[in-house]
$ cat run.cif   # mmCIF, C-alpha atoms
data_my_file
loop_
_atom_site.label_atom_id
_atom_site.label_comp_id
_atom_site.auth_asym_id
_atom_site.auth_seq_id
_atom_site.Cartn_x
_atom_site.Cartn_y
_atom_site.Cartn_z
CA MET A 1 -107.40 -184.46 72.09
CA LYS A 2 -110.22 -184.93 74.59
CA PHE A 3 -109.38 -188.59 74.94
CA MET A 4 -105.71 -187.75 75.45
CA LYS A 5 -106.49 -185.23 78.18
CA LEU A 6 -108.85 -187.67 79.86
CA PHE A 7 -106.23 -190.39 79.74
CA GLU A 8 -103.57 -188.04 81.10
CA LEU A 9 -105.74 -186.91 84.02
CA SER A 10 -106.80 -190.45 84.86
CA LEU A 11 -103.20 -191.67 84.74
CA MET A 12 -102.08 -188.80 86.95
CA MET A 13 -104.84 -189.53 89.47
CA SER A 14 -104.13 -193.27 89.52
CA MET A 15 -100.44 -192.59 90.11
CA MET A 16 -101.38 -190.26 92.96
CA VAL A 17 -103.64 -192.96 94.46
CA LEU A 18 -100.78 -195.46 94.13
CA PHE A 19 -98.44 -192.99 95.77
CA LEU A 20 -100.77 -192.26 98.71
CA GLY A 21 -101.72 -195.90 99.28
CA PRO A 22 -104.79 -196.78 101.36
CA SER A 23 -105.47 -193.59 103.29
CA LEU A 24 -108.08 -190.87 103.74
CA GLY A 25 -106.11 -188.59 101.42
CA ILE A 26 -107.59 -190.49 98.46
CA LEU A 27 -110.98 -188.95 99.29
CA LEU A 28 -109.45 -185.55 98.61
CA LEU A 29 -108.48 -186.67 95.12
CA LEU A 30 -112.08 -187.43 94.15
CA PRO A 31 -113.31 -183.80 93.94
CA ILE A 32 -110.04 -182.86 92.21
CA TYR A 33 -110.67 -185.56 89.60
CA ALA A 34 -114.28 -184.44 89.13
CA PHE A 35 -113.14 -180.81 88.72
CA GLY A 36 -110.54 -181.88 86.13
CA LEU A 37 -113.15 -183.88 84.17
CA ARG A 38 -115.51 -180.90 84.15
CA ARG A 39 -112.76 -178.65 82.78
CA ILE A 40 -111.91 -181.09 79.99
CA PHE A 41 -115.49 -181.65 78.84
CA LEU A 42 -116.49 -177.99 78.93
CA LYS A 43 -113.47 -176.82 76.94
CA GLU A 44 -113.47 -179.46 74.24
CA LYS A 45 -117.12 -178.91 73.31
CA GLU A 46 -116.46 -175.82 71.18
CA LYS A 47 -113.66 -177.31 69.10
CA HIS A 48 -115.85 -179.99 67.52
CA LYS A 49 -118.40 -177.52 66.21
CA LYS A 50 -116.60 -176.76 62.94
CA LYS A 51 -115.99 -180.42 62.22
CA GLU A 52 -119.67 -181.22 62.75
CA ILE A 53 -120.72 -178.39 60.43
CA LEU A 54 -118.29 -179.64 57.79
CA GLN A 55 -119.75 -183.13 58.06
CA GLN A 56 -123.29 -181.85 57.62
CA LEU A 57 -122.31 -179.58 54.74
CA SER A 58 -120.60 -182.48 53.00
CA GLU A 59 -123.81 -184.54 53.30
CA LEU A 60 -125.80 -181.62 51.91
CA SER A 61 -123.34 -181.28 49.03
CA THR A 62 -123.76 -185.00 48.18
CA LEU A 63 -127.54 -184.71 48.24
CA LEU A 64 -127.42 -181.63 46.00
CA ASP A 65 -125.16 -183.49 43.55
CA GLN A 66 -127.68 -186.33 43.49
CA GLY A 67 -130.23 -183.84 42.19
CA TYR A 68 -132.31 -183.08 45.28
CA SER A 69 -133.68 -179.57 45.61
CA PRO A 70 -131.78 -177.42 48.17
CA LEU A 71 -134.74 -177.04 50.50
CA TYR A 72 -135.66 -180.73 50.41
CA ALA A 73 -132.04 -181.79 50.98
CA TYR A 74 -131.77 -179.36 53.90
CA GLU A 75 -134.96 -180.72 55.45
CA MET A 76 -133.78 -184.30 54.92
CA LEU A 77 -130.76 -183.50 57.05
CA GLY A 78 -132.98 -182.21 59.85
CA ARG A 79 -132.53 -178.46 59.29
CA PHE A 80 -129.14 -178.32 61.03
CA SER A 81 -127.63 -175.01 62.18
CA PHE A 82 -126.38 -173.61 58.89
CA PRO A 83 -123.32 -171.29 59.10
CA ASP A 84 -124.39 -167.66 58.60
CA PHE A 85 -121.43 -166.84 56.34
CA MET A 86 -122.76 -169.14 53.59
CA LEU A 87 -125.74 -168.92 51.30
CA HIS A 88 -128.69 -170.51 53.08
CA PRO A 89 -130.63 -173.24 51.21
CA GLU A 90 -133.88 -171.48 52.14
CA GLU A 91 -132.84 -168.32 50.29
CA GLU A 92 -134.17 -167.76 46.82
CA VAL A 93 -130.77 -166.86 45.43
CA PHE A 94 -129.24 -170.17 46.52
CA ARG A 95 -127.21 -171.74 43.70
CA ASN A 96 -125.52 -175.12 43.83
CA GLU A 97 -122.34 -173.84 42.09
CA VAL A 98 -121.93 -171.05 44.63
CA PHE A 99 -122.59 -173.45 47.49
CA GLN A 100 -120.01 -175.92 46.15
CA LYS A 101 -117.38 -173.17 45.89
CA GLN A 102 -118.11 -171.92 49.40
CA PHE A 103 -118.13 -175.46 50.74
CA GLN A 104 -114.74 -176.22 49.15
CA LEU A 105 -113.25 -173.07 50.64
CA PHE A 106 -114.66 -173.88 54.08
CA GLU A 107 -113.46 -177.47 53.80
CA LYS A 108 -109.96 -176.32 52.86
CA THR A 109 -109.83 -173.96 55.84
CA VAL A 110 -111.06 -176.58 58.30
CA LEU A 111 -108.62 -179.17 56.94
CA LEU A 112 -105.70 -176.76 57.20
CA GLU A 113 -106.71 -175.93 60.76
CA GLU A 114 -106.91 -179.62 61.47
CA GLU A 115 -103.37 -180.05 60.11
CA ILE A 116 -102.08 -177.46 62.56
CA ARG A 117 -104.12 -178.99 65.38
CA SER A 118 -102.68 -182.45 64.76
CA GLU A 119 -99.16 -181.01 64.93
CA MET A 120 -100.07 -179.25 68.15
CA SER A 121 -101.48 -182.45 69.62
CA ILE A 122 -98.12 -184.18 69.05
CA ILE A 123 -96.46 -181.36 70.97
CA ALA A 124 -99.17 -181.66 73.65
CA LEU A 125 -98.41 -185.36 73.94
CA ARG A 126 -94.75 -184.60 74.48
CA MET A 127 -95.70 -182.07 77.13
CA GLY A 128 -98.05 -184.60 78.75
CA ILE A 129 -95.14 -187.03 79.13
CA MET A 130 -93.08 -184.21 80.64
CA LYS A 131 -95.89 -183.56 83.13
CA LEU A 132 -96.27 -187.17 84.24
CA MET A 133 -92.65 -188.26 84.23
CA PRO A 134 -91.56 -186.86 87.64
CA LEU A 135 -94.44 -188.54 89.51
CA ALA A 136 -93.79 -191.85 87.74
CA LEU A 137 -90.11 -191.54 88.56
CA LEU A 138 -90.93 -190.83 92.20
CA LEU A 139 -93.13 -193.92 92.38
CA LEU A 140 -90.24 -195.96 91.05
CA LEU A 141 -87.55 -194.45 93.26
CA ARG A 142 -89.66 -194.73 96.42
CA ARG A 143 -89.14 -198.46 96.39
CA PHE A 144 -85.44 -197.94 97.07
CA LEU A 145 -86.08 -195.57 99.95
CA GLY A 146 -85.36 -197.23 103.28
CA ALA A 147 -87.38 -195.09 105.75
CA GLU A 148 -91.04 -194.01 105.40
CA PRO A 149 -91.34 -190.23 105.12
CA GLY A 150 -94.86 -190.16 106.64
CA LYS A 151 -98.42 -189.74 105.39
CA ALA A 152 -98.62 -185.97 105.90
CA LEU A 153 -95.55 -185.41 103.73
CA GLU A 154 -97.00 -187.71 101.08
CA LEU A 155 -100.19 -185.68 101.00
CA ILE A 156 -98.26 -182.41 100.76
CA THR A 157 -96.16 -183.84 97.91
CA VAL A 158 -99.28 -184.93 96.04
CA MET A 159 -100.82 -181.48 96.48
CA PHE A 160 -97.68 -179.81 95.12
CA PHE A 161 -97.69 -182.20 92.18
CA TYR A 162 -101.31 -181.32 91.50
CA LEU A 163 -100.57 -177.58 91.71
CA ASN A 164 -97.75 -178.00 89.21
CA HIS A 165 -100.10 -180.03 87.02
CA LEU A 166 -102.61 -177.14 87.08
CA LEU A 167 -99.84 -174.67 86.22
CA ALA A 168 -98.72 -176.87 83.31
CA ASP A 169 -102.35 -177.09 82.14
CA LYS A 170 -102.61 -173.30 82.18
CA ILE A 171 -99.46 -173.03 80.08
CA MET A 172 -100.73 -175.70 77.67
CA GLU A 173 -104.02 -173.85 77.20
CA LYS A 174 -102.13 -171.33 75.06
CA LEU A 175 -101.26 -174.08 72.60
CA MET B 176 -82.51 -134.74 98.60
CA GLU B 177 -85.16 -137.27 97.56
CA LEU B 178 -87.90 -135.02 98.91
CA VAL B 179 -86.64 -132.05 96.89
CA LEU B 180 -86.41 -134.18 93.75
CA MET B 181 -89.92 -135.52 94.40
CA LEU B 182 -91.26 -132.00 94.77
CA ILE B 183 -89.55 -130.86 91.58
CA PHE B 184 -90.90 -133.88 89.69
CA TRP B 185 -94.38 -133.45 91.14
CA LEU B 186 -94.62 -129.76 90.35
CA GLY B 187 -93.13 -130.07 86.88
CA ARG B 188 -95.04 -133.21 85.87
CA GLY B 189 -97.01 -131.46 83.12
CA LYS B 190 -93.94 -130.03 81.43
CA PHE B 191 -92.03 -133.25 81.96
CA LEU B 192 -94.74 -135.36 80.29
CA LEU B 193 -95.12 -132.86 77.47
CA SER B 194 -91.40 -132.89 76.71
CA ILE B 195 -91.31 -136.71 76.77
CA THR B 196 -94.30 -136.88 74.42
CA LYS B 197 -92.57 -134.39 72.08
CA LEU B 198 -89.42 -136.47 72.20
CA PHE B 199 -91.41 -139.55 71.28
CA SER B 200 -93.24 -137.73 68.50
CA TYR B 201 -89.88 -137.10 66.82
CA ALA B 202 -89.05 -140.79 67.05
CA ARG B 203 -92.58 -141.91 66.24
CA GLU B 204 -91.76 -142.92 62.69
CA MET B 205 -89.28 -145.46 63.99
CA MET B 206 -91.79 -146.77 66.51
CA GLU B 207 -94.91 -146.83 64.32
CA ASP B 208 -94.87 -150.59 63.77
CA VAL B 209 -94.18 -151.35 67.43
CA LEU B 210 -96.96 -148.99 68.52
CA PHE B 211 -99.37 -150.57 66.06
CA TYR B 212 -98.82 -154.05 67.47
CA LEU B 213 -99.00 -152.79 71.05
CA THR B 214 -102.24 -150.86 70.58
CA TYR B 215 -103.64 -152.85 67.63
CA SER B 216 -104.94 -149.65 66.13
CA LEU B 217 -104.10 -147.61 63.04
CA GLU B 218 -105.04 -144.30 64.69
CA THR B 219 -102.14 -141.99 65.55
CA GLU B 220 -104.13 -140.51 68.44
CA VAL B 221 -104.43 -143.93 70.05
CA HIS B 222 -100.66 -144.40 69.71
CA GLU B 223 -100.05 -141.04 71.34
CA LEU B 224 -102.43 -141.79 74.21
CA TYR B 225 -100.76 -145.13 74.73
CA LEU B 226 -97.34 -143.48 74.88
CA GLN B 227 -98.58 -140.85 77.32
CA LYS B 228 -100.10 -143.53 79.54
CA TRP B 229 -96.81 -145.43 79.65
CA CYS B 230 -94.81 -142.27 80.28
CA TYR B 231 -97.11 -141.33 83.13
CA GLN B 232 -96.84 -144.79 84.67
CA MET B 233 -93.06 -144.70 84.43
CA TYR B 234 -93.12 -141.24 85.97
CA GLN B 235 -95.23 -142.53 88.87
CA PHE B 236 -92.81 -145.41 89.29
CA LEU B 237 -89.93 -142.95 89.54
CA LEU B 238 -91.80 -140.93 92.15
CA SER B 239 -92.63 -144.00 94.23
CA LEU B 240 -88.98 -145.07 93.98
CA LEU B 241 -87.87 -141.71 95.35
CA PHE B 242 -90.49 -141.88 98.10
CA THR B 243 -89.43 -145.41 99.10
CA SER B 244 -85.79 -144.30 99.15
CA PHE B 245 -86.75 -141.37 101.39
CA LEU B 246 -88.68 -143.65 103.76
CA LEU B 247 -85.89 -146.25 103.92
CA LYS B 248 -83.37 -143.54 104.72
CA HIS B 249 -85.47 -142.16 107.58
CA LEU B 250 -86.21 -145.60 108.99
CA GLY B 251 -82.50 -146.28 109.06
CA LEU B 252 -82.66 -149.17 106.58
CA GLY B 253 -80.33 -149.83 103.65
CA ARG B 254 -81.36 -148.44 100.27
CA ARG B 255 -79.32 -150.88 98.22
CA ILE B 256 -82.28 -153.21 97.84
CA LEU B 257 -83.96 -150.65 95.59
CA VAL B 258 -81.43 -151.11 92.76
CA PRO B 259 -82.03 -154.85 92.14
CA LEU B 260 -85.76 -154.40 92.71
CA SER B 261 -86.06 -151.65 90.11
CA PHE B 262 -83.88 -153.69 87.73
CA LEU B 263 -86.22 -156.65 88.19
CA PHE B 264 -89.21 -154.39 87.61
CA LEU B 265 -87.71 -153.08 84.37
CA LEU B 266 -86.96 -156.61 83.18
CA LEU B 267 -90.56 -157.64 83.89
CA LEU B 268 -91.78 -154.58 82.04
CA ILE B 269 -89.69 -155.40 78.97
CA ALA B 270 -90.92 -159.02 79.07
CA LEU B 271 -94.50 -157.78 79.31
CA LEU B 272 -94.07 -155.44 76.35
CA LEU B 273 -92.38 -158.11 74.23
CA GLY B 274 -95.19 -160.53 75.06
CA LYS B 275 -97.78 -157.97 74.05
CA LEU B 276 -95.90 -157.24 70.82
CA GLN B 277 -95.83 -160.92 69.91
CA GLU B 278 -99.50 -161.25 70.81
CA GLY B 279 -100.34 -158.36 68.47
CA LYS B 280 -98.41 -159.98 65.61
CA SER B 281 -100.13 -163.33 66.11
CA ARG B 282 -103.51 -161.61 66.31
CA LEU B 283 -102.91 -159.79 63.03
CA ILE B 284 -101.91 -163.01 61.24
CA ARG B 285 -104.94 -164.88 62.60
CA GLU B 286 -107.46 -162.13 61.96
CA LEU B 287 -106.16 -161.31 58.49
CA GLY B 288 -106.53 -164.99 57.55
CA ASN B 289 -110.13 -164.99 58.78
CA PHE B 290 -110.81 -161.68 57.06
CA VAL B 291 -109.63 -162.91 53.64
CA PHE B 292 -111.62 -166.13 54.08
CA TYR B 293 -114.88 -164.31 54.87
CA TYR B 294 -114.28 -161.64 52.24
CA GLU B 295 -113.90 -164.30 49.55
CA LEU B 296 -117.00 -166.15 50.81
CA PHE B 297 -119.11 -162.99 50.67
CA LEU B 298 -117.82 -162.20 47.17
CA MET B 299 -118.84 -165.70 46.11
CA GLN B 300 -122.35 -165.05 47.40
CA GLY B 301 -122.59 -162.29 44.81
CA GLU B 302 -122.13 -159.30 47.09
CA ASN B 303 -120.17 -156.36 45.75
CA GLN B 304 -116.73 -155.47 47.07
CA LEU B 305 -117.90 -152.81 49.51
CA GLN B 306 -120.63 -155.02 50.98
CA ALA B 307 -118.21 -157.93 51.33
CA LEU B 308 -115.61 -155.67 52.97
CA ASN B 309 -118.20 -154.24 55.35
CA ARG B 310 -119.34 -157.69 56.42
CA ALA B 311 -115.85 -159.18 56.72
CA ARG B 312 -114.60 -156.07 58.55
CA LYS B 313 -115.72 -157.50 61.90
CA GLU B 314 -112.91 -160.05 61.67
CA LEU B 315 -110.20 -157.38 61.79
CA GLY B 316 -110.22 -155.58 65.10
CA PHE B 317 -108.63 -152.33 63.91
CA LEU B 318 -110.63 -151.85 60.71
CA SER B 319 -113.29 -149.13 60.92
CA LEU B 320 -116.44 -148.90 58.81
CA GLU B 321 -115.78 -147.02 55.57
CA GLU B 322 -117.97 -145.66 52.82
CA SER B 323 -115.96 -146.76 49.81
CA VAL B 324 -113.48 -149.40 48.69
CA GLU B 325 -110.87 -146.65 48.22
CA ASP B 326 -111.12 -145.80 51.92
CA TYR B 327 -110.58 -149.44 52.80
CA MET B 328 -107.58 -149.47 50.47
CA LEU B 329 -106.20 -146.47 52.32
CA GLN B 330 -106.59 -148.31 55.61
CA PHE B 331 -104.83 -151.36 54.23
CA ASN B 332 -102.04 -149.17 52.87
CA ARG B 333 -101.60 -147.79 56.37
CA LEU B 334 -101.55 -151.31 57.69
CA PHE B 335 -98.82 -152.15 55.16
CA TYR B 336 -96.86 -149.12 56.36
CA HIS B 337 -97.12 -150.37 59.95
CA SER B 338 -96.66 -154.08 59.42
CA LYS B 339 -94.28 -154.02 56.39
CA TRP B 340 -95.99 -157.24 55.33
CA LEU B 341 -96.19 -157.90 51.59
CA VAL B 342 -99.37 -159.96 51.90
CA VAL B 343 -101.22 -156.78 52.86
CA LYS B 344 -99.94 -155.03 49.72
CA ARG B 345 -101.06 -157.97 47.63
CA PHE B 346 -104.50 -157.72 49.15
CA VAL B 347 -104.60 -154.01 48.23
CA ILE B 348 -103.67 -154.91 44.65
CA LEU B 349 -106.44 -157.53 44.68
CA LEU B 350 -108.93 -154.90 45.85
CA ASP B 351 -107.76 -152.58 43.10
CA LYS B 352 -108.10 -155.31 40.48
CA GLY B 353 -111.59 -156.13 41.79
CA MET B 354 -112.61 -152.50 41.27
CA HIS B 355 -111.52 -152.41 37.65
CA PHE B 356 -112.15 -155.95 36.45
CA THR B 357 -115.49 -156.86 37.98
CA GLN B 358 -116.06 -159.96 35.86
CA ARG B 359 -112.61 -161.48 36.29
CA ASP B 360 -112.25 -164.74 38.23
CA MET B 361 -109.73 -164.10 40.99
CA SER B 362 -109.92 -167.40 42.82
CA LEU B 363 -106.27 -168.19 41.97
CA GLU B 364 -105.05 -164.93 43.50
CA PHE B 365 -107.19 -165.55 46.57
CA ALA B 366 -105.85 -169.10 46.85
CA GLN B 367 -102.26 -167.81 46.73
CA LEU B 368 -103.03 -165.17 49.32
CA SER B 369 -104.73 -167.55 51.71
CA ASP B 370 -101.88 -170.09 51.25
CA GLU B 371 -99.38 -167.45 52.24
CA LEU B 372 -101.50 -166.47 55.23
CA PHE B 373 -101.84 -170.08 56.24
CA ASN B 374 -98.08 -170.64 56.03
CA ARG B 375 -97.48 -167.60 58.19
CA HIS B 376 -100.10 -168.77 60.68
CA HIS B 377 -98.50 -172.19 60.72
CA GLN B 378 -95.05 -170.73 61.39
CA ASP B 379 -96.44 -168.50 64.11
CA ARG B 380 -98.17 -171.41 65.85
CA LYS B 381 -94.97 -173.46 65.66
CA LEU B 382 -92.98 -170.65 67.25
CA GLN B 383 -95.60 -170.26 69.96
CA ALA B 384 -95.57 -174.00 70.60
CA GLU B 385 -91.79 -173.92 70.99
CA LYS B 386 -92.06 -171.11 73.52
CA ILE B 387 -94.78 -172.94 75.44
CA GLU B 388 -92.67 -176.09 75.43
CA ASN B 389 -89.84 -174.11 77.00
CA LEU B 390 -92.24 -172.66 79.58
CA MET B 391 -93.32 -176.18 80.47
CA LEU B 392 -89.88 -176.70 81.96
CA PHE B 393 -90.88 -174.56 84.95
CA PRO B 394 -93.57 -176.89 86.36
CA MET B 395 -91.34 -179.82 85.47
CA ILE B 396 -88.46 -178.37 87.47
CA GLY B 397 -90.95 -177.77 90.31
CA ASP B 398 -92.00 -181.43 90.15
CA LEU B 399 -88.40 -182.60 90.18
CA LEU B 400 -87.62 -180.39 93.17
CA ILE B 401 -90.57 -181.83 95.08
CA MET B 402 -89.39 -185.31 94.15
CA VAL B 403 -85.85 -184.68 95.39
CA LEU B 404 -87.14 -183.10 98.62
CA TYR B 405 -89.43 -186.07 99.23
CA LEU B 406 -86.64 -188.56 98.64
CA LEU B 407 -84.24 -186.66 100.85
CA SER B 408 -86.76 -185.94 103.62
CA PRO B 409 -85.81 -188.98 105.84
CA PHE B 410 -82.14 -187.98 105.71
CA ILE B 411 -82.94 -184.32 106.37
CA GLY B 412 -85.14 -185.40 109.30
CA GLU B 413 -82.34 -187.52 110.72
CA MET B 414 -79.80 -184.73 110.32
CA LEU B 415 -82.07 -182.24 112.07
CA GLY B 416 -83.02 -184.73 114.77
CA GLY B 417 -79.48 -185.94 115.37
#

$ encode --input "run.cif" --output "structure tokens"
Amino acid sequence: MKFMKLFELSLMMSMMVLFLGPSLGILLLLPIYAFGLRRIFLKEKEKHKKKEILQQLSELSTLLDQGYSPLYAYEMLGRFSFPDFMLHPEEEVFRNEVFQKQFQLFEKTVLLEEEIRSEMSIIALRMGIMKLMPLALLLLLRRFLGAEPGKALELITVMFFYLNHLLADKIMEKL
Amino acid sequence: MELVLMLIFWLGRGKFLLSITKLFSYAREMMEDVLFYLTYSLETEVHELYLQKWCYQMYQFLLSLLFTSFLLKHLGLGRRILVPLSFLFLLLLIALLLGKLQEGKSRLIRELGNFVFYYELFLMQGENQLQALNRARKELGFLSLEESVEDYMLQFNRLFYHSKWLVVKRFVILLDKGMHFTQRDMSLEFAQLSDELFNRHHQDRKLQAEKIENLMLFPMIGDLLIMVLYLLSPFIGEMLGG
């Protein structure tokens, strides 16, 4: 998802640069690009947390199956941030059977969430194409235009495209 | 005329609001589910307060409409503009309420799924039903802290009354079973329940995605308009110049 968003933003920016041609307006696009990158990286950080926890729990489960003691296995994995809704390996009441059951339930939930997320990412891809299509079409049609509309108008057009892109991003955030 | 009406409305606002609230209290049974999703609370008092707040806001809107009409009349301007404007306002209001209603439904589906997941996890850890319910309670925004499982069952029964959702009833039955058969393995029942919740969540997300996809048409139309204006700009310039 992060890669897709990055690709989309970069493609949008390169099309805008192509549209503006060699002019000072390109300098304006640099902070916009940096702002877009910041938004993508800050938002995507949270989503990977559950996946990481699942990965670490799966390693812990394997070590426990191999016969390691819970505490030793937990220390071998570098004492990662254990989810507070599960029995902690440092607790005296920790039992492998209980851990396995909890782990399976957590795994099932994360996998189901992932299933929904993958479906949503297909929809997001479709929306991404919808977002980029008009600018790509404009780049194509401009070749057939006889007269030059002027640099100021080009800059205004790019700004409006970017505003619409931001609006579309806001709508897509709800996905 | 408007001034007299405004004065009457302003002086009789207490009685007016009281009669509207009474009117709504008669029809409350029909509106219970809607009010639950709008307020996301099981408390009747919260529903009543919410209704009163809306009535008061509508009342203020009516007063401001009368005042604007009075001003327009004395400034010598047409008052016809008020009709489409108030119609637009009402449409926006309905859209806002429908959006909030849908949001409440989605929230309930999401939170109930999380609640059942955490409740089952805490039961697995060996906690008793009440402890597990108390800890998982934080996942459901409207659930208050109770002293016994029976009280929680009452709350869930009220939720069933508001949401008319069979999954809630099944959860109540599960709680009841858990009280009487403490040693019984109920993982199958929990699996069925969470499957149903997941399916509902899935459907809800799909519906939301469809709506968002439709909303995406607005920026796309904006983009296309900009494109057409850009392409036509040399011709427009020539027409204006010539």

$ closest_residue --input "run.cif" --among "B:Leu213, B:Asp351, B:Leu178, B:Phe242" --to "Leu273 in chain B" --atoms "all atoms listed in the file"
B:Leu213

$ closest_atom_pairs --input "run.cif" --of "chain B" --to "chain A" --cutoff "10 Å" --atoms "only C-alpha atoms" --output "tab-separated table"
residue	atom	partner	partner_atom	distance
B:Gly288	CA	A:Thr109	CA	9.7
B:Asn289	CA	A:Thr109	CA	9.4
B:Phe292	CA	A:Leu105	CA	7.9
B:Tyr293	CA	A:Phe85	CA	7.2
B:Tyr294	CA	A:Phe85	CA	9.7
B:Glu295	CA	A:Gln102	CA	8.7
B:Leu296	CA	A:Gln102	CA	6.0
B:Phe297	CA	A:Phe85	CA	7.2
B:Leu298	CA	A:Gln102	CA	10.0
B:Met299	CA	A:Val98	CA	6.4
B:Gln300	CA	A:Leu87	CA	6.5
B:Gly301	CA	A:Val98	CA	8.8
B:Arg310	CA	A:Phe85	CA	9.4
B:Ala311	CA	A:Phe85	CA	9.5
B:Ser362	CA	A:Lys101	CA	9.9
B:Ala366	CA	A:Leu105	CA	9.2
B:Ser369	CA	A:Thr109	CA	9.2
B:Asp370	CA	A:Leu112	CA	9.7
B:Phe373	CA	A:Leu112	CA	7.8
B:Asn374	CA	A:Leu112	CA	9.8
B:His376	CA	A:Ile116	CA	9.1
B:His377	CA	A:Ile116	CA	6.6
B:Gln378	CA	A:Ile116	CA	9.8
B:Arg380	CA	A:Leu175	CA	7.9
B:Lys381	CA	A:Met120	CA	8.1
B:Gln383	CA	A:Leu175	CA	7.3
B:Ala384	CA	A:Leu175	CA	6.0
B:Glu385	CA	A:Ile123	CA	8.8
B:Lys386	CA	A:Leu175	CA	9.7
B:Ile387	CA	A:Ile171	CA	6.6
B:Glu388	CA	A:Met127	CA	6.9
B:Asn389	CA	A:Met127	CA	9.9
B:Leu390	CA	A:Ile171	CA	7.2
B:Met391	CA	A:Ala168	CA	6.1
B:Leu392	CA	A:Met130	CA	8.3
B:Phe393	CA	A:Ala168	CA	8.3
B:Pro394	CA	A:Asn164	CA	5.2
B:Met395	CA	A:Lys131	CA	6.3
B:Ile396	CA	A:Pro134	CA	9.0
B:Gly397	CA	A:Asn164	CA	6.9
B:Asp398	CA	A:Pro134	CA	6.0
B:Leu399	CA	A:Pro134	CA	5.9
B:Leu400	CA	A:Pro134	CA	9.4
B:Ile401	CA	A:Thr157	CA	6.6
B:Met402	CA	A:Leu138	CA	6.1
B:Val403	CA	A:Leu138	CA	8.6
B:Leu404	CA	A:Thr157	CA	9.1
B:Tyr405	CA	A:Thr157	CA	7.2
B:Leu406	CA	A:Leu145	CA	7.2
B:Leu407	CA	A:Pro149	CA	9.0
B:Ser408	CA	A:Pro149	CA	6.5
B:Pro409	CA	A:Pro149	CA	5.7
B:Phe410	CA	A:Ala147	CA	8.8
B:Gly412	CA	A:Pro149	CA	8.9

$ closest_residue --input "run.cif" --among "B:Ile195, B:Leu267, B:Met361, B:Leu276" --to "Lys228 in chain B" --atoms "only C-alpha atoms"
B:Ile195

$ atom_distance --input "run.cif" --atom1 "CA of Lys2 in chain A" --atom2 "CA of Lys108 in chain A"
23.4 Å

$ resolve_selection --input "run.cif" --expression "the PyMOL selection byres ((chain A and resi 72-78) around 10)" --output "MDAnalysis selection string"
chainID A and resid 56:57 59:64 66:71 79:82 88:90

$ resolve_selection --input "run.cif" --expression "the PyMOL selection byres ((chain A and resi 13-18) around 8)" --output "PDB file with C-alpha atoms, in the frame of the given file"
ATOM      1  CA  LEU A   9    -105.740-186.910  84.020  1.00  0.00           C
ATOM      2  CA  SER A  10    -106.800-190.450  84.860  1.00  0.00           C
ATOM      3  CA  LEU A  11    -103.200-191.670  84.740  1.00  0.00           C
ATOM      4  CA  MET A  12    -102.080-188.800  86.950  1.00  0.00           C
ATOM      5  CA  PHE A  19     -98.440-192.990  95.770  1.00  0.00           C
ATOM      6  CA  LEU A  20    -100.770-192.260  98.710  1.00  0.00           C
ATOM      7  CA  GLY A  21    -101.720-195.900  99.280  1.00  0.00           C
ATOM      8  CA  PRO A  22    -104.790-196.780 101.360  1.00  0.00           C
ATOM      9  CA  ILE A  26    -107.590-190.490  98.460  1.00  0.00           C
ATOM     10  CA  LEU A  29    -108.480-186.670  95.120  1.00  0.00           C
ATOM     11  CA  TYR A  33    -110.670-185.560  89.600  1.00  0.00           C
ATOM     12  CA  LEU A 135     -94.440-188.540  89.510  1.00  0.00           C
ATOM     13  CA  ALA A 136     -93.790-191.850  87.740  1.00  0.00           C
ATOM     14  CA  LEU A 139     -93.130-193.920  92.380  1.00  0.00           C
ATOM     15  CA  VAL A 158     -99.280-184.930  96.040  1.00  0.00           C
TER      16      VAL A 158
END

$ atom_distance --input "run.cif" --atom1 "CA of Phe211 in chain B" --atom2 "CA of Met328 in chain B"
17.7 Å

$ residues_around --input "run.cif" --residues "Leu272 in chain B" --least-positions-apart "4" --cutoff "12 Å" --atoms "all atoms listed in the file" --output "list in words"
Val209, Leu210, Tyr212, Leu213, Thr214, Trp229, Leu265, Leu266, Leu267, Leu268, Leu276, Gln277, Glu278 and Gly279 of chain B

$ resolve_selection --input "run.cif" --expression "the PyMOL selection byres ((chain B and resi 353) around 12)" --output "short mmCIF file (atom, residue, chain, number, x, y, z; two decimals) with C-alpha atoms, keeping the file's coordinate frame"
data_model
loop_
_atom_site.label_atom_id
_atom_site.label_comp_id
_atom_site.auth_asym_id
_atom_site.auth_seq_id
_atom_site.Cartn_x
_atom_site.Cartn_y
_atom_site.Cartn_z
CA GLU B 295 -113.90 -164.30 49.55
CA LEU B 298 -117.82 -162.20 47.17
CA ASN B 303 -120.17 -156.36 45.75
CA GLN B 304 -116.73 -155.47 47.07
CA LEU B 305 -117.90 -152.81 49.51
CA ALA B 307 -118.21 -157.93 51.33
CA LEU B 308 -115.61 -155.67 52.97
CA VAL B 324 -113.48 -149.40 48.69
CA GLU B 325 -110.87 -146.65 48.22
CA MET B 328 -107.58 -149.47 50.47
CA PHE B 346 -104.50 -157.72 49.15
CA VAL B 347 -104.60 -154.01 48.23
CA ILE B 348 -103.67 -154.91 44.65
CA LEU B 349 -106.44 -157.53 44.68
CA LEU B 350 -108.93 -154.90 45.85
CA ASP B 351 -107.76 -152.58 43.10
CA LYS B 352 -108.10 -155.31 40.48
CA MET B 354 -112.61 -152.50 41.27
CA HIS B 355 -111.52 -152.41 37.65
CA PHE B 356 -112.15 -155.95 36.45
CA THR B 357 -115.49 -156.86 37.98
CA GLN B 358 -116.06 -159.96 35.86
CA ARG B 359 -112.61 -161.48 36.29
CA ASP B 360 -112.25 -164.74 38.23
CA MET B 361 -109.73 -164.10 40.99
CA SER B 362 -109.92 -167.40 42.82
CA GLU B 364 -105.05 -164.93 43.50
CA PHE B 365 -107.19 -165.55 46.57
#
